[in-house]
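Structure below is model.cif: mmCIF, C-alpha atoms.
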data_work
loop_
_atom_site.label_atom_id
_atom_site.label_comp_id
_atom_site.auth_asym_id
_atom_site.auth_seq_id
_atom_site.Cartn_x
_atom_site.Cartn_y
_atom_site.Cartn_z
CA MET A 1340 -82.40 -37.83 49.23
CA PRO A 1341 -80.98 -37.10 52.68
CA HIS A 1342 -83.22 -37.38 55.69
CA SER A 1343 -82.72 -36.73 59.37
CA TYR A 1344 -84.90 -37.71 62.31
CA ARG A 1345 -83.89 -34.77 64.43
CA ILE A 1346 -85.66 -34.87 67.76
CA GLN A 1347 -86.12 -31.59 69.60
CA LEU A 1348 -84.33 -32.79 72.70
CA LYS A 1349 -81.97 -30.65 74.74
CA PRO A 1350 -79.88 -31.42 77.83
CA LEU A 1351 -81.46 -30.43 81.12
CA PRO A 1352 -79.97 -27.69 83.27
CA GLY A 1353 -78.38 -29.12 86.37
CA PHE A 1354 -76.55 -32.00 84.68
CA GLU A 1355 -73.11 -30.66 83.93
CA TRP A 1356 -71.13 -33.86 83.42
CA SER A 1357 -71.78 -36.75 81.04
CA SER A 1358 -73.68 -39.05 83.39
CA LEU A 1359 -76.11 -41.84 82.70
CA THR A 1360 -78.77 -40.36 84.99
CA GLY A 1361 -78.58 -36.93 83.36
CA ASN A 1362 -79.00 -38.22 79.83
CA VAL A 1363 -81.88 -40.52 80.79
CA ALA A 1364 -83.60 -37.57 82.48
CA SER A 1365 -83.08 -35.50 79.32
CA ALA A 1366 -84.72 -38.27 77.27
CA ALA A 1367 -87.59 -38.57 79.75
CA ALA A 1368 -88.12 -34.79 79.57
CA TYR A 1369 -88.93 -35.25 75.85
CA VAL A 1370 -92.08 -37.16 76.92
CA GLY A 1371 -93.07 -34.82 79.76
CA SER A 1372 -92.05 -33.23 83.04
CA ASP A 1373 -93.18 -36.07 85.32
CA TYR A 1374 -89.57 -37.33 85.44
CA MET A 1375 -88.89 -34.64 88.08
CA TYR A 1376 -90.95 -36.56 90.64
CA ALA A 1377 -88.14 -39.12 90.69
CA PHE A 1378 -86.15 -36.48 92.55
CA ALA A 1379 -88.80 -35.92 95.23
CA ASP A 1380 -86.57 -37.65 97.79
CA ALA A 1381 -83.36 -36.00 96.64
CA TRP A 1382 -82.93 -34.19 99.94
CA SER A 1383 -82.56 -37.45 101.84
CA PHE A 1384 -78.81 -37.81 102.20
CA SER A 1385 -78.18 -41.55 102.21
CA CYS A 1386 -75.53 -42.99 104.55
CA LEU A 1387 -72.19 -42.44 102.88
CA LYS A 1388 -70.14 -45.63 102.85
CA GLU A 1389 -66.41 -45.54 103.36
CA GLN A 1390 -65.83 -47.25 100.02
CA ALA A 1391 -67.68 -46.14 96.93
CA SER A 1392 -69.42 -48.47 94.52
CA SER A 1393 -67.35 -50.74 92.34
CA GLY A 1394 -68.30 -48.69 89.42
CA PHE A 1395 -68.74 -48.29 85.72
CA ALA A 1396 -68.45 -51.82 84.38
CA ALA A 1397 -71.99 -51.97 82.95
CA LEU A 1398 -74.80 -49.71 81.90
CA GLY A 1399 -76.66 -48.54 84.96
CA GLN A 1400 -74.02 -49.03 87.63
CA GLU A 1401 -73.08 -45.37 87.49
CA SER A 1402 -76.28 -44.40 89.26
CA VAL A 1403 -75.97 -46.64 92.32
CA LEU A 1404 -73.95 -44.03 94.21
CA TYR A 1405 -76.98 -41.85 94.75
CA ASN A 1406 -80.60 -42.62 95.59
CA THR A 1407 -82.15 -41.43 92.31
CA SER A 1408 -81.76 -44.13 89.68
CA TYR A 1409 -82.56 -44.04 85.99
CA GLU A 1410 -85.21 -46.73 86.63
CA GLN A 1411 -87.10 -44.32 88.92
CA ILE A 1412 -86.91 -41.55 86.32
CA LEU A 1413 -88.31 -43.80 83.59
CA ASP A 1414 -90.98 -45.22 85.90
CA TRP A 1415 -92.29 -41.78 86.86
CA SER A 1416 -92.32 -40.80 83.18
CA ARG A 1417 -94.18 -44.01 82.27
CA ILE A 1418 -91.43 -45.01 79.85
CA ASP A 1419 -90.54 -48.63 79.09
CA TYR A 1420 -86.97 -49.42 78.17
CA ARG A 1421 -84.66 -52.20 77.06
CA VAL A 1422 -80.91 -52.43 77.62
CA SER A 1423 -79.07 -54.32 74.87
CA ASN A 1424 -75.58 -55.63 75.60
CA TYR A 1425 -72.69 -56.96 73.52
CA LEU A 1426 -74.01 -55.50 70.26
CA PRO A 1427 -71.67 -55.17 67.28
CA ALA A 1428 -71.54 -51.61 65.95
CA GLU A 1429 -73.36 -52.54 62.70
CA GLU A 1430 -76.31 -54.06 64.60
CA ALA A 1431 -76.39 -51.07 66.93
CA LEU A 1432 -76.54 -48.65 63.99
CA ALA A 1433 -79.41 -50.59 62.40
CA LEU A 1434 -81.33 -50.55 65.69
CA ILE A 1435 -80.63 -46.83 66.20
CA ARG A 1436 -82.00 -46.00 62.74
CA LEU A 1437 -85.17 -48.02 63.43
CA GLU A 1438 -85.71 -46.16 66.70
CA LEU A 1439 -85.03 -42.75 65.15
CA ALA A 1440 -87.59 -43.52 62.45
CA GLN A 1441 -90.11 -43.69 65.32
CA LYS A 1442 -88.75 -40.34 66.59
CA ARG A 1443 -87.30 -41.99 69.71
CA PRO A 1444 -83.82 -41.14 71.05
CA VAL A 1445 -81.35 -43.93 71.88
CA LEU A 1446 -78.91 -43.81 74.78
CA VAL A 1447 -75.53 -45.37 74.05
CA LYS A 1448 -72.35 -46.08 75.96
CA GLY A 1449 -69.18 -45.14 74.16
CA ASP A 1450 -65.60 -43.95 74.48
CA SER A 1451 -65.01 -40.20 74.88
CA PHE A 1452 -61.85 -40.66 72.75
CA TYR A 1453 -64.21 -40.68 69.74
CA CYS A 1454 -66.66 -37.98 70.94
CA GLY A 1455 -65.78 -34.75 69.14
CA TRP A 1456 -67.70 -32.59 71.64
CA PHE A 1457 -65.15 -33.46 74.36
CA PRO A 1458 -62.28 -31.10 73.48
CA GLU A 1459 -60.08 -32.43 76.31
CA ASN A 1460 -60.67 -36.12 75.55
CA TYR A 1461 -61.31 -36.34 71.80
CA GLY A 1462 -58.39 -38.21 70.32
CA GLN A 1463 -56.51 -37.83 73.61
CA GLN A 1464 -57.96 -39.96 76.38
CA HIS A 1465 -60.13 -43.06 76.70
CA SER A 1466 -63.02 -43.04 79.19
CA SER A 1467 -66.61 -44.30 79.38
CA ASN A 1468 -69.27 -41.84 78.27
CA PHE A 1469 -73.06 -41.97 77.95
CA TYR A 1470 -74.89 -39.88 75.36
CA LEU A 1471 -78.09 -39.76 73.32
CA ILE A 1472 -78.39 -40.34 69.58
CA THR A 1473 -81.14 -38.02 68.35
CA GLY A 1474 -80.72 -37.99 64.58
CA TYR A 1475 -79.06 -39.48 61.47
CA ASP A 1476 -78.33 -38.14 58.00
CA ASP A 1477 -77.99 -40.67 55.15
CA LEU A 1478 -76.20 -38.25 52.84
CA THR A 1479 -73.39 -37.24 55.20
CA HIS A 1480 -73.41 -40.50 57.24
CA GLN A 1481 -73.48 -38.53 60.45
CA LEU A 1482 -75.25 -39.20 63.70
CA PHE A 1483 -76.56 -36.29 65.79
CA CYS A 1484 -75.68 -36.51 69.46
CA THR A 1485 -77.15 -34.85 72.52
CA ASP A 1486 -75.12 -34.99 75.72
CA VAL A 1487 -75.37 -33.29 79.08
CA ALA A 1488 -71.64 -32.68 78.95
CA TYR A 1489 -71.02 -29.11 77.74
CA MET A 1490 -74.80 -28.94 77.06
CA THR A 1491 -74.24 -30.51 73.65
CA HIS A 1492 -77.29 -30.49 71.36
CA HIS A 1493 -77.39 -32.36 68.03
CA TYR A 1494 -73.59 -32.46 67.70
CA PRO A 1495 -72.59 -34.35 64.51
CA GLN A 1496 -70.58 -37.56 64.92
CA SER A 1497 -69.33 -39.62 62.01
CA VAL A 1498 -70.48 -43.22 61.73
CA SER A 1499 -66.80 -44.16 61.78
CA ASP A 1500 -66.22 -42.45 65.15
CA PHE A 1501 -69.38 -44.02 66.56
CA SER A 1502 -68.37 -47.51 65.42
CA LEU A 1503 -64.86 -47.21 66.82
CA GLY A 1504 -66.05 -45.82 70.15
CA PHE A 1505 -69.23 -47.84 70.69
CA ALA A 1506 -68.90 -49.93 73.88
CA GLY A 1507 -71.51 -52.53 72.90
CA GLU A 1508 -74.35 -51.26 75.10
CA LEU A 1509 -77.39 -49.13 74.35
CA MET A 1510 -80.81 -48.36 75.81
CA THR A 1511 -84.00 -47.95 73.80
CA MET A 1512 -86.99 -46.13 75.35
CA TRP A 1513 -90.66 -45.71 74.45
CA PRO A 1514 -93.84 -44.49 76.20
CA THR A 1515 -95.63 -47.37 77.89
CA HIS A 1516 -99.06 -48.44 76.60
CA ASP A 1517 -99.65 -51.00 79.33
CA GLN A 1518 -103.24 -50.39 80.42
CA TYR A 1519 -102.73 -52.60 83.50
CA ARG A 1520 -99.82 -50.58 84.79
CA PRO A 1521 -101.19 -48.26 87.48
CA ILE A 1522 -100.50 -44.55 87.19
CA VAL A 1523 -98.35 -43.47 90.09
CA GLN A 1524 -100.08 -40.89 92.27
CA GLN A 1525 -98.07 -37.70 92.17
CA PRO A 1526 -97.34 -36.41 95.68
CA SER A 1527 -98.39 -32.89 96.60
CA LEU A 1528 -95.88 -30.19 97.51
CA ASP A 1529 -96.79 -30.53 101.19
CA GLU A 1530 -96.31 -34.32 101.07
CA ILE A 1531 -92.90 -33.97 99.45
CA LEU A 1532 -91.65 -31.42 101.95
CA VAL A 1533 -93.00 -33.18 105.06
CA ARG A 1534 -91.78 -36.59 103.91
CA SER A 1535 -88.32 -35.18 103.26
CA ALA A 1536 -88.20 -33.35 106.60
CA GLU A 1537 -89.39 -36.39 108.57
CA ARG A 1538 -86.81 -38.61 106.92
CA ASN A 1539 -84.01 -36.09 107.39
CA LEU A 1540 -84.86 -35.69 111.08
CA ALA A 1541 -85.10 -39.51 111.48
CA GLN A 1542 -88.75 -39.31 112.57
CA LYS A 1543 -89.64 -42.27 110.38
CA GLN A 1544 -88.85 -45.86 111.24
CA GLU A 1545 -85.49 -47.06 109.88
CA ALA A 1546 -84.69 -43.51 108.74
CA CYS A 1547 -81.16 -42.19 109.06
CA PRO A 1548 -80.63 -38.54 110.02
CA MET A 1549 -79.13 -36.94 106.95
CA PHE A 1550 -77.16 -34.54 109.13
CA GLU A 1551 -75.23 -37.39 110.76
CA SER A 1552 -74.33 -38.66 107.29
CA MET A 1553 -73.21 -35.16 106.28
CA LEU A 1554 -71.06 -34.84 109.38
CA GLN A 1555 -69.64 -38.29 108.70
CA LEU A 1556 -68.75 -37.08 105.20
CA ALA A 1557 -67.11 -33.95 106.62
CA ASN A 1558 -65.14 -35.80 109.28
CA LYS A 1559 -63.92 -38.53 106.94
CA LEU A 1560 -63.06 -36.35 103.94
CA PRO A 1561 -59.30 -37.01 104.04
CA GLU A 1562 -59.88 -40.77 104.27
CA LEU A 1563 -62.55 -40.75 101.57
CA ASP A 1564 -60.31 -38.65 99.33
CA ARG A 1565 -57.43 -41.11 99.79
CA LEU A 1566 -59.69 -44.07 98.95
CA ALA A 1567 -61.10 -42.28 95.89
CA VAL A 1568 -57.64 -41.38 94.56
CA GLU A 1569 -56.37 -44.92 95.11
CA GLN A 1570 -59.40 -46.38 93.32
CA GLN A 1571 -58.96 -43.91 90.44
CA GLN A 1572 -55.32 -44.94 90.05
CA HIS A 1573 -56.34 -48.59 90.12
CA ASP A 1574 -59.02 -48.07 87.44
CA GLY A 1575 -56.53 -46.37 85.14
CA PRO A 1576 -56.52 -43.27 82.87
CA GLY A 1577 -59.89 -41.70 82.13
CA SER A 1578 -61.63 -43.08 85.24
CA MET A 1579 -63.76 -40.77 87.35
CA ASN A 1580 -62.88 -39.92 90.93
CA ARG A 1581 -65.64 -41.55 93.01
CA LEU A 1582 -65.83 -38.82 95.65
CA SER A 1583 -66.12 -36.19 92.93
CA LEU A 1584 -68.91 -38.24 91.33
CA GLU A 1585 -70.77 -38.54 94.63
CA LEU A 1586 -70.60 -34.76 95.11
CA LEU A 1587 -71.78 -34.28 91.54
CA TYR A 1588 -74.88 -36.41 92.12
CA ILE A 1589 -75.70 -34.47 95.27
CA VAL A 1590 -75.67 -31.24 93.26
CA GLN A 1591 -77.49 -32.65 90.22
CA SER A 1592 -80.29 -34.35 92.13
CA ARG A 1593 -80.91 -31.39 94.39
CA MET A 1594 -81.03 -28.98 91.46
CA GLN A 1595 -83.79 -31.11 89.96
CA PHE A 1596 -85.50 -31.15 93.38
CA VAL A 1597 -85.56 -27.33 93.39
CA ARG A 1598 -86.99 -27.36 89.85
CA LEU A 1599 -89.73 -29.71 91.08
CA LEU A 1600 -90.55 -27.32 93.93
CA ASP A 1601 -90.73 -24.42 91.46
CA LYS A 1602 -93.13 -26.45 89.32
CA LEU A 1603 -95.41 -27.22 92.28
CA CYS A 1604 -95.26 -23.80 93.95
CA VAL A 1605 -98.56 -22.35 92.77
CA GLU A 1606 -99.09 -20.14 95.81
CA GLN A 1607 -96.04 -17.98 96.47
CA ASN A 1608 -96.60 -17.24 100.15
CA GLN A 1609 -93.75 -15.85 102.25
CA ALA A 1610 -93.05 -19.07 104.16
CA MET A 1611 -92.82 -21.12 100.96
CA CYS A 1612 -90.60 -18.57 99.25
CA GLN A 1613 -88.20 -18.69 102.21
CA LEU A 1614 -88.11 -22.49 102.12
CA VAL A 1615 -87.40 -22.60 98.40
CA GLU A 1616 -84.66 -19.99 98.81
CA GLY A 1617 -83.20 -22.08 101.61
CA PHE A 1618 -83.09 -25.14 99.33
CA ALA A 1619 -81.55 -23.04 96.54
CA GLN A 1620 -78.87 -21.77 98.95
CA SER A 1621 -78.08 -25.36 99.88
CA VAL A 1622 -77.58 -26.21 96.20
CA ARG A 1623 -75.21 -23.25 95.85
CA SER A 1624 -73.29 -24.42 98.91
CA TRP A 1625 -72.92 -27.96 97.56
CA SER A 1626 -71.81 -26.55 94.19
CA LEU A 1627 -69.06 -24.58 95.95
CA ILE A 1628 -68.04 -27.67 97.93
CA ARG A 1629 -67.72 -29.71 94.74
CA SER A 1630 -65.85 -26.90 92.95
CA ALA A 1631 -63.42 -26.73 95.84
CA TYR A 1632 -62.76 -30.47 95.57
CA LEU A 1633 -62.11 -30.19 91.83
CA HIS A 1634 -59.44 -27.59 92.65
CA THR A 1635 -57.54 -30.21 94.65
CA PHE A 1636 -56.52 -31.82 91.35
CA GLU A 1637 -54.82 -28.66 90.11
CA PRO A 1638 -51.01 -28.48 90.20
CA ARG A 1639 -49.51 -27.13 93.44
CA SER A 1640 -52.86 -27.22 95.22
CA SER A 1641 -52.85 -27.75 98.97
CA ARG A 1642 -55.18 -30.74 99.33
CA GLU A 1643 -55.11 -30.65 103.13
CA ARG A 1644 -56.11 -26.97 103.30
CA ILE A 1645 -58.89 -27.38 100.71
CA LEU A 1646 -60.27 -30.50 102.41
CA ASP A 1647 -60.35 -28.67 105.74
CA SER A 1648 -62.25 -25.81 104.09
CA MET A 1649 -64.69 -28.30 102.51
CA ALA A 1650 -65.33 -29.96 105.88
CA THR A 1651 -66.15 -26.58 107.43
CA GLU A 1652 -68.54 -25.75 104.59
CA ILE A 1653 -70.28 -29.14 104.91
CA HIS A 1654 -70.82 -28.48 108.65
CA VAL A 1655 -72.35 -25.08 107.79
CA THR A 1656 -74.55 -26.62 105.07
CA ALA A 1657 -75.67 -29.35 107.47
CA ALA A 1658 -76.80 -26.69 109.95
CA LEU A 1659 -78.70 -24.89 107.16
CA GLU A 1660 -80.46 -28.06 106.03
CA ARG A 1661 -81.36 -29.04 109.59
CA GLU A 1662 -82.96 -25.60 109.97
CA ILE A 1663 -84.89 -26.08 106.71
CA SER A 1664 -86.27 -29.43 107.87
CA GLN A 1665 -87.21 -28.04 111.29
CA SER A 1666 -88.93 -25.07 109.61
CA ILE A 1667 -91.01 -27.44 107.46
CA MET A 1668 -92.16 -29.33 110.55
CA HIS A 1669 -92.85 -26.04 112.39
CA ILE A 1670 -95.03 -24.80 109.51
CA ARG A 1671 -96.89 -28.12 109.55
CA ARG A 1672 -97.57 -27.84 113.30
CA LEU A 1673 -98.84 -24.29 112.86
CA GLN A 1674 -101.15 -25.46 110.07
CA HIS A 1675 -102.57 -28.19 112.32
CA VAL A 1676 -103.22 -25.65 115.08
CA SER A 1677 -104.93 -23.34 112.58
CA ASP A 1678 -107.06 -26.20 111.19
CA ARG A 1679 -108.21 -27.25 114.67
CA PHE A 1680 -109.07 -23.63 115.51
CA GLN A 1681 -111.12 -23.30 112.34
CA GLN A 1682 -112.96 -26.55 113.11
CA ARG A 1683 -113.76 -25.35 116.66
CA MET A 1684 -115.04 -22.01 115.36
CA LEU A 1685 -117.27 -23.79 112.85
CA GLY A 1686 -118.53 -26.13 115.57
CA GLU A 1687 -119.43 -23.25 117.92
CA SER A 1688 -121.23 -21.36 115.18
#
What is this structure when it is put down as structure tokens?
Amino acid sequence: MPHSYRIQLKPLPGFEWSSLTGNVASAAAYVGSDYMYAFADAWSFSCLKEQASSGFAALGQESVLYNTSYEQILDWSRIDYRVSNYLPAEEALALIRLELAQKRPVLVKGDSFYCGWFPENYGQQHSSNFYLITGYDDLTHQLFCTDVAYMTHHYPQSVSDFSLGFAGELMTMWPTHDQYRPIVQQPSLDEILVRSAERNLAQKQEACPMFESMLQLANKLPELDRLAVEQQQHDGPGSMNRLSLELLYIVQSRMQFVRLLDKLCVEQNQAMCQLVEGFAQSVRSWSLIRSAYLHTFEPRSSRERILDSMATEIHVTAALEREISQSIMHIRRLQHVSDRFQQRMLGES
């Protein structure tokens, strides 16, 4: 009799490409929404290095380009995990079925050449791809796959395609039952905003002003683009352009940051609504910047003109984000003045 351990797990909005971080966040969302706290520092633009990370060689290296790692997501969600390497496909399938029997998804690394939900790559191009196995059917010998790419949900994959495309690495995840592991204190909305603003304005020790990093990105776009293209050519067909990936993570992480703000915004006062709208506008701006860069790969595109336009938009976005951070600090100062006034009034009465 056929059986299928189909887990009600769907890709999260905001993760539009098949990335390790996006799929891990989707798995963590199955347990609860605490995973979003991993993105509480997503508005801190880390110093952009002239050369991107060395890449995709092993599970987990994809997420080093941005400051939200899959370890942080799993830690906030109180999920333990194990990465298994160099597994033969038969052993991987046996382990996957054991995990699915416990109604737990498994993240695997494979080849998009054998992923039927990639219409451009399936049977055409080899490239690394992360996705979640969420079900199995004994009768049809099909796995059910959930992937942030194309918002795929329970897409059937034959055991044959899985075995041919499996890259030998998978991650198993389960809720932690460690009673000695302390529960991380969830920061309040005010703490998140003030911490982000202070870091962005370099008011904390060893903090780097995010706006200087953004301007560095804008000013060095042609050089960074050249390095990214050269690295992509060196890595071979199917590799991801590193600058495009960096822009993608900026968009993804900040979209989750806005979702976290929406979750914490209980009181919809005017000042808070304006701040959230400012953050949302920044996400839209970064989305347009990334879309513009993707257009540089189209035939007959003028890379120089598009890169100049991107640099201008990054300068504008930097000014917007500086204003957001200054507004947060201004609201905080006003609140302190109001609190002191209230204390004085109480003291006099």
- Which one is closest to Thr1515 of chain A: A:Val1622, A:Ile1346, A:Leu1413, A:Val1363? Count all atoms listed in the file.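 Looking at the shortest contact to Thr1515 of chain A, the residue is A:Leu1413.
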- Item | Option closest in space to Leu1600 of chain A, from A:Ser1527, A:Thr1485, A:Ser1641, A:Gln1572 [counting only C-alpha atoms] | A:Ser1527
For this structure, which residues satisfy the selection - the PyMOL selection byres ((chain A and resi 1371) around 12) - when it is evaluated on the file as given? I want them as a PDB file with C-alpha atoms, keeping the file's coordinate frame.
ATOM      1  CA  LEU A1348     -84.330 -32.790  72.700  1.00  0.00           C
ATOM      2  CA  ALA A1364     -83.600 -37.570  82.480  1.00  0.00           C
ATOM      3  CA  SER A1365     -83.080 -35.500  79.320  1.00  0.00           C
ATOM      4  CA  ALA A1366     -84.720 -38.270  77.270  1.00  0.00           C
ATOM      5  CA  ALA A1367     -87.590 -38.570  79.750  1.00  0.00           C
ATOM      6  CA  ALA A1368     -88.120 -34.790  79.570  1.00  0.00           C
ATOM      7  CA  TYR A1369     -88.930 -35.250  75.850  1.00  0.00           C
ATOM      8  CA  VAL A1370     -92.080 -37.160  76.920  1.00  0.00           C
ATOM      9  CA  SER A1372     -92.050 -33.230  83.040  1.00  0.00           C
ATOM     10  CA  ASP A1373     -93.180 -36.070  85.320  1.00  0.00           C
ATOM     11  CA  TYR A1374     -89.570 -37.330  85.440  1.00  0.00           C
ATOM     12  CA  MET A1375     -88.890 -34.640  88.080  1.00  0.00           C
ATOM     13  CA  TYR A1376     -90.950 -36.560  90.640  1.00  0.00           C
ATOM     14  CA  ILE A1412     -86.910 -41.550  86.320  1.00  0.00           C
ATOM     15  CA  LEU A1413     -88.310 -43.800  83.590  1.00  0.00           C
ATOM     16  CA  TRP A1415     -92.290 -41.780  86.860  1.00  0.00           C
ATOM     17  CA  SER A1416     -92.320 -40.800  83.180  1.00  0.00           C
ATOM     18  CA  ARG A1417     -94.180 -44.010  82.270  1.00  0.00           C
ATOM     19  CA  ILE A1418     -91.430 -45.010  79.850  1.00  0.00           C
ATOM     20  CA  PRO A1514     -93.840 -44.490  76.200  1.00  0.00           C
TER      21      PRO A1514
END
- Which of A:Val1597, A:Val1615, A:Leu1685, A:Ile1435 sits closest to Met1510 of chain A [using only C-alpha atoms]: A:Ile1435
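Distance annotation: of A:Ser1630, A:Gln1665, A:Gln1542, A:Ser1502, the residue with the minimal separation from Ile1645 of chain A is A:Ser1630; atom set is only C-alpha atoms.
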Output of the PyMOL selection byres ((chain A and resi 1661) around 9), listed as a PDB file with C-alpha atoms, in the frame of the given file:
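Just written: part.pdb:
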ATOM      1  CA  ALA A1536     -88.200 -33.350 106.600  1.00  0.00           C
ATOM      2  CA  ASN A1539     -84.010 -36.090 107.390  1.00  0.00           C
ATOM      3  CA  LEU A1540     -84.860 -35.690 111.080  1.00  0.00           C
ATOM      4  CA  MET A1549     -79.130 -36.940 106.950  1.00  0.00           C
ATOM      5  CA  PHE A1550     -77.160 -34.540 109.130  1.00  0.00           C
ATOM      6  CA  THR A1656     -74.550 -26.620 105.070  1.00  0.00           C
ATOM      7  CA  ALA A1657     -75.670 -29.350 107.470  1.00  0.00           C
ATOM      8  CA  ALA A1658     -76.800 -26.690 109.950  1.00  0.00           C
ATOM      9  CA  LEU A1659     -78.700 -24.890 107.160  1.00  0.00           C
ATOM     10  CA  GLU A1660     -80.460 -28.060 106.030  1.00  0.00           C
ATOM     11  CA  GLU A1662     -82.960 -25.600 109.970  1.00  0.00           C
ATOM     12  CA  ILE A1663     -84.890 -26.080 106.710  1.00  0.00           C
ATOM     13  CA  SER A1664     -86.270 -29.430 107.870  1.00  0.00           C
ATOM     14  CA  GLN A1665     -87.210 -28.040 111.290  1.00  0.00           C
ATOM     15  CA  SER A1666     -88.930 -25.070 109.610  1.00  0.00           C
TER      16      SER A1666
END
- Task: Translate the PyMOL selection byres ((chain A and resi 1464) around 10), as applied to the file shown, into an explicit residue set as a list in words.
- Result: Asp1450, Ser1451, Phe1452, Tyr1453, Phe1457, Glu1459, Asn1460, Tyr1461, Gly1462, Gln1463, His1465, Ser1466, Pro1576 and Gly1577 of chain A
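Going from atom CA of Phe1354 of chain A to atom CA of Arg1644 of chain A covers 28.1 Å.
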- Identify which of the residues A:Ser1677, A:Ser1535, A:Gln1613, A:Asn1558 lies closest to Thr1651 of chain A, counting only C-alpha atoms when measuring atom-to-atom distances. A:Asn1558
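When all atoms listed in the file are used to measure the gap to Leu1437 of chain A, the shortest distance among A:Ile1472, A:Asp1678, A:Glu1530, A:Val1422 belongs to A:Ile1472.
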- Separation of atom CA of Leu1633 of chain A from atom CA of Val1590 of chain A in Å: 13.7 Å
- Using only C-alpha atoms, give me every residue within 12 Å of (-71.9, -54.5, 70.4) in file coordinates, as a VMD selection string. chain A and resid 1422 to 1434 1447 to 1449 1501 to 1509
- Item | Coordinates-based distance that separates atom CA of Tyr1475 of chain A from atom CA of Leu1439 of chain A (Å, one decimal) | 7.7 Å
Please output segment 1414-1425 of chain A, rebuilt to include N, CA, C and O atoms, as a PDB file, in the frame of the given file.
ATOM      1  N   ASP A1414     -89.712 -44.761  85.340  1.00  0.00           N
ATOM      2  CA  ASP A1414     -90.980 -45.220  85.900  1.00  0.00           C
ATOM      3  C   ASP A1414     -91.942 -44.056  86.099  1.00  0.00           C
ATOM      4  O   ASP A1414     -93.125 -44.148  85.757  1.00  0.00           O
ATOM      5  N   TRP A1415     -91.436 -42.942  86.657  1.00  0.00           N
ATOM      6  CA  TRP A1415     -92.290 -41.780  86.860  1.00  0.00           C
ATOM      7  C   TRP A1415     -92.794 -41.229  85.526  1.00  0.00           C
ATOM      8  O   TRP A1415     -93.910 -40.723  85.420  1.00  0.00           O
ATOM      9  N   SER A1416     -91.960 -41.334  84.494  1.00  0.00           N
ATOM     10  CA  SER A1416     -92.320 -40.800  83.180  1.00  0.00           C
ATOM     11  C   SER A1416     -93.169 -41.774  82.377  1.00  0.00           C
ATOM     12  O   SER A1416     -93.536 -41.464  81.244  1.00  0.00           O
ATOM     13  N   ARG A1417     -93.442 -42.957  82.954  1.00  0.00           N
ATOM     14  CA  ARG A1417     -94.180 -44.010  82.270  1.00  0.00           C
ATOM     15  C   ARG A1417     -93.515 -44.340  80.927  1.00  0.00           C
ATOM     16  O   ARG A1417     -94.147 -44.324  79.854  1.00  0.00           O
ATOM     17  N   ILE A1418     -92.223 -44.640  81.018  1.00  0.00           N
ATOM     18  CA  ILE A1418     -91.430 -45.010  79.850  1.00  0.00           C
ATOM     19  C   ILE A1418     -90.900 -46.428  80.055  1.00  0.00           C
ATOM     20  O   ILE A1418     -90.307 -46.731  81.095  1.00  0.00           O
ATOM     21  N   ASP A1419     -91.140 -47.297  79.083  1.00  0.00           N
ATOM     22  CA  ASP A1419     -90.540 -48.630  79.090  1.00  0.00           C
ATOM     23  C   ASP A1419     -89.175 -48.546  78.408  1.00  0.00           C
ATOM     24  O   ASP A1419     -88.930 -47.659  77.573  1.00  0.00           O
ATOM     25  N   TYR A1420     -88.320 -49.483  78.744  1.00  0.00           N
ATOM     26  CA  TYR A1420     -86.970 -49.420  78.170  1.00  0.00           C
ATOM     27  C   TYR A1420     -86.388 -50.829  78.056  1.00  0.00           C
ATOM     28  O   TYR A1420     -86.842 -51.776  78.702  1.00  0.00           O
ATOM     29  N   ARG A1421     -85.384 -50.946  77.212  1.00  0.00           N
ATOM     30  CA  ARG A1421     -84.660 -52.200  77.060  1.00  0.00           C
ATOM     31  C   ARG A1421     -83.165 -51.891  76.938  1.00  0.00           C
ATOM     32  O   ARG A1421     -82.773 -51.009  76.161  1.00  0.00           O
ATOM     33  N   VAL A1422     -82.358 -52.570  77.716  1.00  0.00           N
ATOM     34  CA  VAL A1422     -80.910 -52.430  77.620  1.00  0.00           C
ATOM     35  C   VAL A1422     -80.380 -53.598  76.799  1.00  0.00           C
ATOM     36  O   VAL A1422     -80.651 -54.763  77.115  1.00  0.00           O
ATOM     37  N   SER A1423     -79.663 -53.290  75.731  1.00  0.00           N
ATOM     38  CA  SER A1423     -79.070 -54.320  74.870  1.00  0.00           C
ATOM     39  C   SER A1423     -77.561 -54.319  75.070  1.00  0.00           C
ATOM     40  O   SER A1423     -76.919 -53.258  75.028  1.00  0.00           O
ATOM     41  N   ASN A1424     -77.006 -55.500  75.317  1.00  0.00           N
ATOM     42  CA  ASN A1424     -75.580 -55.630  75.600  1.00  0.00           C
ATOM     43  C   ASN A1424     -74.871 -56.416  74.493  1.00  0.00           C
ATOM     44  O   ASN A1424     -75.486 -57.206  73.770  1.00  0.00           O
ATOM     45  N   TYR A1425     -73.574 -56.208  74.416  1.00  0.00           N
ATOM     46  CA  TYR A1425     -72.690 -56.960  73.520  1.00  0.00           C
ATOM     47  C   TYR A1425     -73.121 -56.869  72.060  1.00  0.00           C
ATOM     48  O   TYR A1425     -73.032 -57.833  71.297  1.00  0.00           O
TER      49      TYR A1425
END
